[in-house]
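These notes concern the structure reproduced below.
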Amino acid sequence: MRSDTPTLLGHFERMLLIRGVEDEIARLRTAGDMVGSIHLCSGQEAVYVGAVAALDLSRDAVFPTYRGHGWALACGVPPEALFAEILGRVTGINGGRGGSAYFTAPRYGMYGENSIVGAGAPIAAGAALAAAFDGSGRVAVAAFGDGALNQGAVHEAMNFAAVRGLPVVFVVENNAYSELTPIADMTRNPELFRRASAYGMPGGRVDGNDPDAVARAMETCVRRARGGGGPALLECVTQRIVGHYIGDAQRYRPAGDLDRAVAAEPIGRLAERLTAEGVAAGELDAIRSRVADRVRAASRLALDSPPADPATALEHLYA
Amino acid sequence: MRSDTPTLLGHFERMLLIRGVEDEIARLRTAGDMVGSIHLCSGQEAVYVGAVAALDLSRDAVFPTYRGHGWALACGVPPEALFAEILGRVTGINGGRGGSAYFTAPRYGMYGENSIVGAGAPIAAGAALAAAFDGSGRVAVAAFGDGALNQGAVHEAMNFAAVRGLPVVFVVENNAYSELTPIADMTRNPELFRRASAYGMPGGRVDGNDPDAVARAMETCVRRARGGGGPALLECVTQRIVGHYIGDAQRYRPAGDLDRAVAAEPIGRLAERLTAEGVAAGELDAIRSRVADRVRAASRLALDSPPADPATALEHLYA
Amino acid sequence: MPDLTLLPAGAAGTAIETKRLSYAEAVNHALRRALRERPETLLFGEDVAKPGGVFGVTKGLHREFGDRVFDTPISESAILGGAVGAAMFGRRPIAEIMWIDFSLVALDQLVNQAPNVRYVSRGAVTAPITVRTQAGNGPGACAQHSQNLEAFFAHVPGLRVGMPSTAQDAYDMLLSAVWCDDPVVVIENRTLYHGAKSDVRLGGEVGPIGGARVRRGGSDVTVVTWGAVQNLVLDAAEELAAEGVEAEVLDLRWLNPLDLTAVQEAVARTRRLAVVHEAHTFGGFGAEVVSLVAESGLDLLAPPVRIGAAPARIPSAVSLVPGVLPTRAKIADGLRRLVRGETVRDAGVLR
Amino acid sequence: MPDLTLLPAGAAGTAIETKRLSYAEAVNHALRRALRERPETLLFGEDVAKPGGVFGVTKGLHREFGDRVFDTPISESAILGGAVGAAMFGRRPIAEIMWIDFSLVALDQLVNQAPNVRYVSRGAVTAPITVRTQAGNGPGACAQHSQNLEAFFAHVPGLRVGMPSTAQDAYDMLLSAVWCDDPVVVIENRTLYHGAKSDVRLGGEVGPIGGARVRRGGSDVTVVTWGAVQNLVLDAAEELAAEGVEAEVLDLRWLNPLDLTAVQEAVARTRRLAVVHEAHTFGGFGAEVVSLVAESGLDLLAPPVRIGAAPARIPSAVSLVPGVLPTRAKIADGLRRLVRGETVRDAGVLR
Ligand SMILES: Cc1ncc(C[n+]2csc(CCOP(=O)(O)OP(=O)(O)O)c2C)c(N)n1
Ligand SMILES: Cc1ncc(C[n+]2csc(CCOP(=O)(O)OP(=O)(O)O)c2C)c(N)n1
Ligand SMILES: [Mg+2]
Ligand SMILES: [Mg+2]
């Protein structure tokens with residue numbers, strides 16, 4: 001079953017919003033308004049939008065990585081709160097305490113990026129463990145990259161979730177690289193989803209540049225988990241169309257690799273599909289300019305906010 | 001190809017030695033000559049004797065767990081040095097610094113027990129990594145229990161070894177329990193060797209109560225690794241016929257479980273086979289009494305040694 | 001985050017009574033009470049449920065509380081991470097790390113994860129986990145099963161750290177930990193588990209974490225200590241008393257929050273400070289206590305003294321251990337020299 | 001263990017010369033020299049080989065040394081355990097842990113494994129690994145990428161720990177670490193990597209590990225410090241000099257082995273001690289320095305002072321960070337009050 005056009009238009013707008021925010025962040029970082037190492041997710045939007053479409057954010061919980069802007073926006077975090085967070089403003093979603101790589105937005109079902117590779121996986125399993133007791137029907141999503149699969153904590157989390165039948169979906173954002181190193185050089189079995197069988201857990205692979213395909217695969221996993229069927233591993237094959245960090249010259253990508261990734265990126269692809277389904281070019285353009293306006297306004301709002309106050313820096317360490 | 005009778009007689013004697021040493025340790029611990037938590041390997045002897053038979057100890061390196069007495073004796077560590085170590089005597093293989101669970105005997109190719117579950121696996125991979133540079137042709141053996149497979153470090157070690165094609169054999173001593181908990185309750189896929197495929201590495205299972213079968217499977221793995229074929233995972237199915245520690249009442253074992261394990265234990269089984277192959281009862285008895293004498297003498301020698309001197313306790317921390 | 005209303009302490013009507021209990025039994029009673037009174041508690045770790053724990057500390061709890069008490073794979077990152085995640089959603093996980101040495105395979109969860117949850121979210125999410133573990137040397141234990149690592153945890157802002165050394169404290173401090181809304185590490189000691197029984201007051205109000213206790217009065221020297229080594233300190237104090245020197249023994253109990261007032265008042269009284277811990281002296285938490293006193297500007301009669309483990313790994317042989325760890329004799333000797341005004345430094349602190 | 005004969009230092013004929021180098025370039029030169037002169041060295045870690053390191057520190061080394069320099073999976077236990085195992089068999093692994101915060105997923109190998117190898121075997125096997133990592137806060141970094149954890153490593157007997165803060169030290173100390181037969185952790189600082197260049201003497205004899213350095217003379221107060229914060233200390237010292245107060249700045253460089261003589265001599269001269277580190281004050285290594293001085297019985301003019309991070313996690317916003325970490329102003333203020341004889345304690349040390 002394929003999604004209907006309004007649903008796809010929703011995906012299109014969300015993906016555009018993510019892309020627009022990332023582009024604006026790149027601009028702000030390059031201009032020096034933002035500082036430090038920032039990881040953009042451009043090219044991978046379909047994973048976030050598709051996966052979140054399958055969730056019930058009033059009770060489900062998402063645990064992304066440092067590359068988490070897309071997850072946050074897909075969950076509904078307002079772009080102004082995201083910009084402000086990375087800018088270190090008092091209006092940031094965590095008042096500047098988290099920053100680009102480690103913010104959290106529990107109100108939106110986004111329970112924290114994690115800048116320690118793999119560390120979110122057992123925490124997500126814990127969220128699912130709570131669900132086994134609180135009757136919430138919560139499903140937890142642990143999202144991480146291809147490279148994270150080689151981290152011990154991810155292995156432990158998958159076995160733990162499998163043996164206890166916990167409602168967690170492990171989403172692998174396979175973008176072919178871990179920082180500057182191809183995953184193909186770092187593990188022998190390129191079909192990452194096959195690791196699931198080691199834990200007696202179902203695993204599968206989906207086109208991570210098709211939000212619709214991701215949503216449908218994710219629905220299967222979520223339904224199963226919510227129904228007591230236990231965890232699953234969903235590998236979403238995608239690509240970054242930007243560097244690992246802003247300023248990354250991507251010299252480690254072989255010739256043509258980036259071009260191919262750009263050609264396959266999900267937003268243009270979905271635009272083509274929508275056009276083929278009869279959506280008028282004008283309608284798509286209207287969405288594009290609405291999103292652009294939203295991004296611009298949000299960025300301005302965030303830039304106009306005051307910086308976080310150092311006098312508050314010692315608050316909230318203990319209860 | 002099955003081994004010839006003299007080889008099997010050698011296995012028989014080695015296994016008897018291990019069993020005899022463990023029985024004597026149990027006696028000494030119960031009598032109070034030895035202290036602390038001691039993990040015996042009775043019932044699992046075929047794994048050690050079989051695996052070591054496939055090694056060239058002049059260059060290969062074994063990394064066992066805290067349950068390492070059997071590995072040490074199979075490698076040729078003199079029983080008196082082992083007794084003395086556990087007794088805390090100056091003549092102990094490490095002068096009493098290691099104790100039952102963490103001694104090392106590099107002269108014998110036994111490069112250290114490890115009492116941190118799984119920690120020996122990456123170290124063994126490192127020994128294999130050295131082999132890639134020193135032209136020694138060394139194969140490293142990482143031995144650990146069924147429960148250890150759920151530890152992050154073991155996962156990392158296997159992927160690391162697989163991706164670099166390192167000459168290491170991962171030997172799983174699947175004795176069905178991790179301390180007091182059945183492995184069947186702690187992972188969904190009871191065929192532990194199947195985890196190998198996650199790393200694109202061969203894996204297999206062997207009857208771990210048949211030293212001959214273990215030796216032949218191990219030879220395949222070792223030959224492959226030494227020839228540059230990379231690592232493998234060998235699951236040896238066996239059982240403890242004693243508690244996890246001395247004094248363990250084993251109430252966690254279901255009715256009949258221990259009896260079945262005793263009935264299947266490798267020494268009696270090999271005696272039957274040898275008898276069937278025409279070895280006279282008297283010859284087996286002669287071996288039994290030779291081993292018993294050796295154990296008794298070794299124990300006495302160790303007991304007669306002086307305790308380690310506290311004035312030396314600060315030596316050898318730094319170069 | 002779901003808004004789970006916590007039952008008030010004692011709500012399940014735990015009777016106030018006194019029982020003669022071992023340290024292990026006191027822990028067991030505290031766990032049972034927590035599981036009874038706070039339905040949101042969970043108890044898990046390796047071998048804690050069906051087998052009742054490798055030291056028998058959690059005996060009977062799985063039977064009484066069913067699935068809320070469960071065994072885990074040998075996966076410390078999953079145990080601690082699972083605790084953090086469950087705590088973020090209203091559970092009160094009590095996770096066991098069987099030996100403190102094993103926490104090192106999963107320390108990330110206790111340093112990079114648990115203590116950040118509240119801070120980064122400004123209280124919107126919290127991670128009130130209790131980690132029970134046990135530390136220290138015991139006869140025949142190896143170098144990987146003998147360490148005292150409280151200094152690691154005490155250096156992590158956002159983590160609370162306690163080390164009970166009596167059965168009463170094993171009970172009280174564990175309950176305070178579970179009731180506390182911060183992540184707390186409670187470091188027990190297996191050599192105490194099955195020792196002599198003592199009277200333990202059960203069922204009283206659960207107090208807040210924190211607070212040192214004077215274990216022995218004395219006016220000549222203040223010994224600040226924590227953990228099982230306290231018993232050696234008390235023995236050494238008796239030895240000195242026979243020589244006319246009265247040592248005050250202050251059990252710190254909680255390293256975080258640290259009861260600085262108690263330390264300062266005690267040292268101000270005796271004007272001599274010794275700190276005794278089983279952990280390695282160099283870089284150990286004893287240095288924090290000495291520094292806090294030094295910074296206070298209290299006028300001491302003699303330089304302060306630390307007595308802890310000398311720089312070595314911990315050997316297994318029972319005869320070797322006194323070459324490394326503090327002993328009653330080393331403690332008594334250190335205190336004697338402190339009172340005589342001699343500068344004391346364990347020859348082995350630096351190497 | 002195979003008997004691998006090590007080439008003597010300088011054997012490959014490294015020319016003695018002086019070059020203007022950044023800190024990162026100095027590290028790169030040291031690594032290149034080690035790889036050239038000691039064929040048994042290996043260099044590995046995440047992104048260190050083909051990409052040349054996420055900070056560009058290991059650029060060109062894979063090209064020059066081929067398979068001896070390689071990239072690893074994101075598997076810190078495999079990296080450190082692999083280093084330990086390779087070192088036991090005659091290699092000299094130089095392993096990179098990209099951020100010191102990440103060491104916490106694999107600390108077992110640095111606490112329970114590497115330092116035990118020599119001790120338990122009484123020298124029959126050794127594990128001379130060098131772990132390069134980098135620590136500290138930088139603009140915009142999050143709580144999980146900002147910590148200073150040297151206190152953890154310094155508390156582990158058997159591990160050597162150094163923190164270079166100049167380009168020359170980045171070169172010298174790393175070589176000393178690789179040449180040293182103990183496991184050594186060298187903690188670099190990424191905010192220093194690409195700073196101003198300075199003259200670095202290359203190719204000289206590789207010295208043993210250890211030894212503090214006076215970075216600035218002064219007679220009024222001794223500031224013991226280490227790591228990148230030293231630059232703030234030097235700035236604060238200049239500020240004070242303008243007010244007529246001369247601070248001596250002693251860079252400890254090595255926490256283990258610790259140059260106690262240098263500390264004692266310096267403090268004996270000025271009779272005032274401040275310790276400044278970027279790490280959290282509470283339970284930090286500054287306490288060890290203060291304690292060693294206190295135990296020495298040196299007669300100080302004023303109580304010692306520690307200046308470090310206040311108890312909080314490290315926030316990301318640049319504006320928040322000065323609320324937690326030491327700043328030039330906080331350091332200058334602390335020193336001023338120390339010289340005036342006021343009792344100084346960071347209000348935030350205990351909470
Ligand atoms: C435990 C740990 N090790 C290393 C790092 C450094 N690091 C940050 S991102 C990254 C690459 C992750 O690759 P992948 O999992 O594929 O995710 P991606 O960045 O591609 O989204 C690494 C190695 C870290 N943050 N944590
Ligand atoms: C990291 C770590 N976690 C927990 C333990 C405690 N422990 C010691 S032995 C053991 C069980 C190991 O089971 P298995 O791997 O099956 O080996 P077996 O004892 O059966 O030989 C456990 C959990 C430990 N030593 N290290
Ligand atoms: Mg990736
Ligand atoms: Mg087992």
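In the structure tokens, each chain is lettered A, B, ... as it comes, each chain's residues begin at 1, and ligands are numbered from 1 in order of appearance.
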
* Selection within 6 Å of ligand 2 by only C-alpha atoms and all ligand atoms, output as a count of residues only -> 15

Compile the residues of chain B that lie within 9 Å of chain A, evaluated using only C-alpha atoms, and express the compilation as a PDB file with N, CA, C and O atoms, in the first residue's frame.
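Once everything was written out, this is out32.pdb:
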```pdb
ATOM      1  N   ASN B 150      27.523 -11.977  25.093  1.00  0.00           N
ATOM      2  CA  ASN B 150      26.648 -10.818  25.220  1.00  0.00           C
ATOM      3  C   ASN B 150      27.374  -9.569  25.701  1.00  0.00           C
ATOM      4  O   ASN B 150      26.749  -8.537  25.939  1.00  0.00           O
ATOM      5  N   GLN B 151      28.663  -9.670  25.830  1.00  0.00           N
ATOM      6  CA  GLN B 151      29.467  -8.547  26.301  1.00  0.00           C
ATOM      7  C   GLN B 151      29.986  -7.751  25.096  1.00  0.00           C
ATOM      8  O   GLN B 151      30.478  -8.327  24.112  1.00  0.00           O
ATOM      9  N   GLY B 152      29.896  -6.430  25.193  1.00  0.00           N
ATOM     10  CA  GLY B 152      30.301  -5.561  24.097  1.00  0.00           C
ATOM     11  C   GLY B 152      31.707  -5.797  23.584  1.00  0.00           C
ATOM     12  O   GLY B 152      31.954  -5.769  22.373  1.00  0.00           O
ATOM     13  N   ALA B 153      32.642  -6.048  24.475  1.00  0.00           N
ATOM     14  CA  ALA B 153      34.034  -6.185  24.052  1.00  0.00           C
ATOM     15  C   ALA B 153      34.229  -7.378  23.126  1.00  0.00           C
ATOM     16  O   ALA B 153      35.066  -7.342  22.220  1.00  0.00           O
ATOM     17  N   VAL B 154      33.459  -8.429  23.342  1.00  0.00           N
ATOM     18  CA  VAL B 154      33.593  -9.623  22.509  1.00  0.00           C
ATOM     19  C   VAL B 154      33.097  -9.319  21.095  1.00  0.00           C
ATOM     20  O   VAL B 154      33.725  -9.696  20.096  1.00  0.00           O
ATOM     21  N   HIS B 155      32.001  -8.627  21.029  1.00  0.00           N
ATOM     22  CA  HIS B 155      31.454  -8.185  19.742  1.00  0.00           C
ATOM     23  C   HIS B 155      32.477  -7.323  18.993  1.00  0.00           C
ATOM     24  O   HIS B 155      32.774  -7.565  17.821  1.00  0.00           O
ATOM     25  N   GLU B 156      33.037  -6.372  19.678  1.00  0.00           N
ATOM     26  CA  GLU B 156      34.011  -5.484  19.028  1.00  0.00           C
ATOM     27  C   GLU B 156      35.226  -6.261  18.555  1.00  0.00           C
ATOM     28  O   GLU B 156      35.773  -6.017  17.471  1.00  0.00           O
ATOM     29  N   ASN B 159      34.384  -8.326  15.345  1.00  0.00           N
ATOM     30  CA  ASN B 159      34.318  -7.511  14.130  1.00  0.00           C
ATOM     31  C   ASN B 159      35.698  -6.995  13.735  1.00  0.00           C
ATOM     32  O   ASN B 159      36.059  -6.992  12.560  1.00  0.00           O
ATOM     33  N   PHE B 160      36.453  -6.568  14.717  1.00  0.00           N
ATOM     34  CA  PHE B 160      37.801  -6.039  14.469  1.00  0.00           C
ATOM     35  C   PHE B 160      38.681  -7.115  13.824  1.00  0.00           C
ATOM     36  O   PHE B 160      39.365  -6.870  12.812  1.00  0.00           O
ATOM     37  N   ALA B 162      37.676  -9.783  12.248  1.00  0.00           N
ATOM     38  CA  ALA B 162      37.146 -10.178  10.943  1.00  0.00           C
ATOM     39  C   ALA B 162      37.538  -9.162   9.876  1.00  0.00           C
ATOM     40  O   ALA B 162      38.019  -9.530   8.801  1.00  0.00           O
ATOM     41  N   VAL B 163      37.359  -7.882  10.190  1.00  0.00           N
ATOM     42  CA  VAL B 163      37.597  -6.885   9.150  1.00  0.00           C
ATOM     43  C   VAL B 163      39.088  -6.802   8.804  1.00  0.00           C
ATOM     44  O   VAL B 163      39.445  -6.517   7.668  1.00  0.00           O
ATOM     45  N   ARG B 164      39.955  -7.085   9.762  1.00  0.00           N
ATOM     46  CA  ARG B 164      41.384  -7.063   9.479  1.00  0.00           C
ATOM     47  C   ARG B 164      41.925  -8.449   9.111  1.00  0.00           C
ATOM     48  O   ARG B 164      43.127  -8.596   8.891  1.00  0.00           O
ATOM     49  N   ASP B 185      18.152 -18.401  28.720  1.00  0.00           N
ATOM     50  CA  ASP B 185      17.305 -17.283  29.144  1.00  0.00           C
ATOM     51  C   ASP B 185      17.895 -15.932  28.758  1.00  0.00           C
ATOM     52  O   ASP B 185      17.256 -14.896  28.979  1.00  0.00           O
ATOM     53  N   MET B 186      19.119 -15.917  28.248  1.00  0.00           N
ATOM     54  CA  MET B 186      19.822 -14.649  28.082  1.00  0.00           C
ATOM     55  C   MET B 186      20.095 -14.267  26.644  1.00  0.00           C
ATOM     56  O   MET B 186      20.698 -13.235  26.365  1.00  0.00           O
ATOM     57  N   THR B 187      19.671 -15.128  25.730  1.00  0.00           N
ATOM     58  CA  THR B 187      19.773 -14.771  24.317  1.00  0.00           C
ATOM     59  C   THR B 187      18.762 -15.614  23.559  1.00  0.00           C
ATOM     60  O   THR B 187      18.386 -16.698  24.005  1.00  0.00           O
ATOM     61  N   ARG B 188      18.275 -15.086  22.434  1.00  0.00           N
ATOM     62  CA  ARG B 188      17.179 -15.749  21.732  1.00  0.00           C
ATOM     63  C   ARG B 188      17.649 -16.852  20.796  1.00  0.00           C
ATOM     64  O   ARG B 188      16.891 -17.756  20.477  1.00  0.00           O
ATOM     65  N   ASN B 189      18.856 -16.683  20.283  1.00  0.00           N
ATOM     66  CA  ASN B 189      19.324 -17.656  19.306  1.00  0.00           C
ATOM     67  C   ASN B 189      20.271 -18.631  19.990  1.00  0.00           C
ATOM     68  O   ASN B 189      21.417 -18.292  20.281  1.00  0.00           O
ATOM     69  N   PRO B 190      19.805 -19.847  20.262  1.00  0.00           N
ATOM     70  CA  PRO B 190      20.633 -20.775  21.047  1.00  0.00           C
ATOM     71  C   PRO B 190      21.857 -21.277  20.284  1.00  0.00           C
ATOM     72  O   PRO B 190      22.763 -21.819  20.906  1.00  0.00           O
ATOM     73  N   GLU B 191      21.863 -21.082  18.971  1.00  0.00           N
ATOM     74  CA  GLU B 191      23.044 -21.507  18.207  1.00  0.00           C
ATOM     75  C   GLU B 191      24.043 -20.349  18.201  1.00  0.00           C
ATOM     76  O   GLU B 191      24.031 -19.498  17.310  1.00  0.00           O
ATOM     77  N   LEU B 192      24.881 -20.371  19.201  1.00  0.00           N
ATOM     78  CA  LEU B 192      25.749 -19.215  19.416  1.00  0.00           C
ATOM     79  C   LEU B 192      26.708 -18.992  18.253  1.00  0.00           C
ATOM     80  O   LEU B 192      27.071 -17.859  17.950  1.00  0.00           O
ATOM     81  N   PHE B 193      27.116 -20.074  17.607  1.00  0.00           N
ATOM     82  CA  PHE B 193      28.088 -19.923  16.517  1.00  0.00           C
ATOM     83  C   PHE B 193      27.514 -19.113  15.368  1.00  0.00           C
ATOM     84  O   PHE B 193      28.253 -18.585  14.543  1.00  0.00           O
ATOM     85  N   ARG B 194      26.183 -18.998  15.325  1.00  0.00           N
ATOM     86  CA  ARG B 194      25.577 -18.248  14.216  1.00  0.00           C
ATOM     87  C   ARG B 194      25.907 -16.753  14.288  1.00  0.00           C
ATOM     88  O   ARG B 194      25.758 -16.040  13.297  1.00  0.00           O
ATOM     89  N   ARG B 195      26.350 -16.319  15.436  1.00  0.00           N
ATOM     90  CA  ARG B 195      26.714 -14.902  15.523  1.00  0.00           C
ATOM     91  C   ARG B 195      27.868 -14.563  14.578  1.00  0.00           C
ATOM     92  O   ARG B 195      28.043 -13.411  14.204  1.00  0.00           O
ATOM     93  N   ALA B 196      28.661 -15.556  14.236  1.00  0.00           N
ATOM     94  CA  ALA B 196      29.832 -15.298  13.391  1.00  0.00           C
ATOM     95  C   ALA B 196      29.448 -14.623  12.091  1.00  0.00           C
ATOM     96  O   ALA B 196      30.157 -13.737  11.592  1.00  0.00           O
ATOM     97  N   SER B 197      28.316 -15.021  11.543  1.00  0.00           N
ATOM     98  CA  SER B 197      27.956 -14.506  10.223  1.00  0.00           C
ATOM     99  C   SER B 197      27.712 -13.000  10.246  1.00  0.00           C
ATOM    100  O   SER B 197      27.860 -12.329   9.233  1.00  0.00           O
ATOM    101  N   ALA B 198      27.331 -12.471  11.404  1.00  0.00           N
ATOM    102  CA  ALA B 198      27.148 -11.026  11.506  1.00  0.00           C
ATOM    103  C   ALA B 198      28.436 -10.301  11.135  1.00  0.00           C
ATOM    104  O   ALA B 198      28.414  -9.164  10.668  1.00  0.00           O
ATOM    105  N   TYR B 199      29.548 -10.967  11.360  1.00  0.00           N
ATOM    106  CA  TYR B 199      30.848 -10.342  11.103  1.00  0.00           C
ATOM    107  C   TYR B 199      31.463 -10.833   9.803  1.00  0.00           C
ATOM    108  O   TYR B 199      32.624 -10.544   9.514  1.00  0.00           O
ATOM    109  N   GLY B 200      30.712 -11.619   9.049  1.00  0.00           N
ATOM    110  CA  GLY B 200      31.251 -12.170   7.812  1.00  0.00           C
ATOM    111  C   GLY B 200      32.404 -13.115   8.079  1.00  0.00           C
ATOM    112  O   GLY B 200      33.420 -13.122   7.382  1.00  0.00           O
ATOM    113  N   MET B 201      32.237 -13.917   9.118  1.00  0.00           N
ATOM    114  CA  MET B 201      33.319 -14.789   9.596  1.00  0.00           C
ATOM    115  C   MET B 201      32.733 -16.185   9.720  1.00  0.00           C
ATOM    116  O   MET B 201      31.560 -16.336  10.066  1.00  0.00           O
TER     117      MET B 201
END
```

* To do: Might you pull out every residue within 9 Å of segment 234-248 of chain C, with only C-alpha atoms counted and same-chain residues fewer than 3 positions away left off, and present them as a PyMOL selection string?
  => chain C and resi 214-224+229-231+266+270+327-333+335-336+339

* To do: Write out as an NGL selection string every residue belonging to chain B that has an atom at most 8 Å from any atom of chain D, counting only C-alpha atoms.
  => :B and (94 or 97-98 or 103-107 or 116 or 119-130 or 153 or 156-157 or 160 or 315-319)

* Nearby residues (only C-alpha atoms) at most 9 Å from Ala302 of chain A, same-chain spacing under 5 positions excluded, as a PyMOL selection string -> chain A and resi 79-85+87+89+91-92+297

Now that the selection is made, can you save its residues with all heavy atoms as a compact mmCIF listing (two decimals), in the first residue's frame?
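Full text of out.txt as output:
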```
# COMPACT_ATOMS: atom_id res chain seq x y z
N PRO A 79 11.67 25.08 14.66
CA PRO A 79 13.01 25.44 14.16
C PRO A 79 13.66 26.56 14.96
O PRO A 79 14.88 26.56 15.13
CB PRO A 79 12.77 25.83 12.71
CG PRO A 79 11.32 25.68 12.43
CD PRO A 79 10.65 25.06 13.60
N GLU A 80 12.85 27.48 15.47
CA GLU A 80 13.46 28.59 16.23
C GLU A 80 14.14 28.09 17.51
O GLU A 80 15.20 28.56 17.90
CB GLU A 80 12.45 29.71 16.54
CG GLU A 80 11.07 29.28 17.02
CD GLU A 80 10.12 28.87 15.89
OE1 GLU A 80 10.58 28.56 14.77
OE2 GLU A 80 8.89 28.84 16.16
N ALA A 81 13.53 27.07 18.14
CA ALA A 81 14.12 26.52 19.36
C ALA A 81 15.40 25.74 19.03
O ALA A 81 16.33 25.67 19.86
CB ALA A 81 13.12 25.60 20.05
N LEU A 82 15.45 25.18 17.85
CA LEU A 82 16.64 24.46 17.42
C LEU A 82 17.77 25.43 17.08
O LEU A 82 18.90 25.28 17.56
CB LEU A 82 16.28 23.57 16.22
CG LEU A 82 17.42 22.78 15.59
CD1 LEU A 82 18.11 21.89 16.62
CD2 LEU A 82 16.87 21.91 14.45
N PHE A 83 17.44 26.43 16.27
CA PHE A 83 18.46 27.45 15.96
C PHE A 83 19.00 28.07 17.25
O PHE A 83 20.21 28.23 17.43
CB PHE A 83 17.85 28.57 15.10
CG PHE A 83 17.60 28.20 13.67
CD1 PHE A 83 16.37 28.45 13.08
CD2 PHE A 83 18.62 27.64 12.90
CE1 PHE A 83 16.14 28.14 11.74
CE2 PHE A 83 18.39 27.32 11.55
CZ PHE A 83 17.15 27.56 10.97
N ALA A 84 18.08 28.43 18.13
CA ALA A 84 18.49 29.11 19.37
C ALA A 84 19.38 28.21 20.21
O ALA A 84 20.34 28.67 20.85
CB ALA A 84 17.26 29.55 20.15
N GLU A 85 19.08 26.92 20.19
CA GLU A 85 19.89 25.98 20.97
C GLU A 85 21.33 25.97 20.44
O GLU A 85 22.29 26.05 21.22
CB GLU A 85 19.29 24.57 20.90
CG GLU A 85 20.01 23.53 21.72
CD GLU A 85 20.02 23.85 23.20
OE1 GLU A 85 19.11 24.53 23.68
OE2 GLU A 85 20.99 23.42 23.88
N LEU A 87 22.74 28.19 18.70
CA LEU A 87 23.33 29.52 18.88
C LEU A 87 23.65 29.82 20.34
O LEU A 87 24.26 30.85 20.66
CB LEU A 87 22.36 30.60 18.36
CG LEU A 87 22.23 30.73 16.82
CD1 LEU A 87 20.95 31.49 16.47
CD2 LEU A 87 23.46 31.43 16.23
N ARG A 89 21.39 30.34 22.80
CA ARG A 89 20.49 31.37 23.31
C ARG A 89 19.60 30.82 24.42
O ARG A 89 19.34 29.61 24.50
CB ARG A 89 19.59 31.91 22.18
CG ARG A 89 20.36 32.43 20.98
CD ARG A 89 21.28 33.59 21.37
NE ARG A 89 22.41 33.69 20.47
CZ ARG A 89 22.57 34.67 19.58
NH1 ARG A 89 21.69 35.64 19.51
NH2 ARG A 89 23.64 34.68 18.81
N THR A 91 16.55 31.01 24.62
CA THR A 91 15.34 30.42 24.05
C THR A 91 15.59 29.06 23.40
O THR A 91 14.67 28.47 22.83
CB THR A 91 14.74 31.36 22.99
OG1 THR A 91 15.79 31.70 22.07
CG2 THR A 91 14.19 32.61 23.61
N GLY A 92 16.80 28.58 23.46
CA GLY A 92 17.10 27.27 22.89
C GLY A 92 16.28 26.18 23.58
O GLY A 92 15.88 26.35 24.73
N ALA A 297 12.38 33.18 9.19
CA ALA A 297 11.80 33.83 10.37
C ALA A 297 12.33 33.20 11.65
O ALA A 297 12.67 33.90 12.62
CB ALA A 297 10.27 33.72 10.32
```
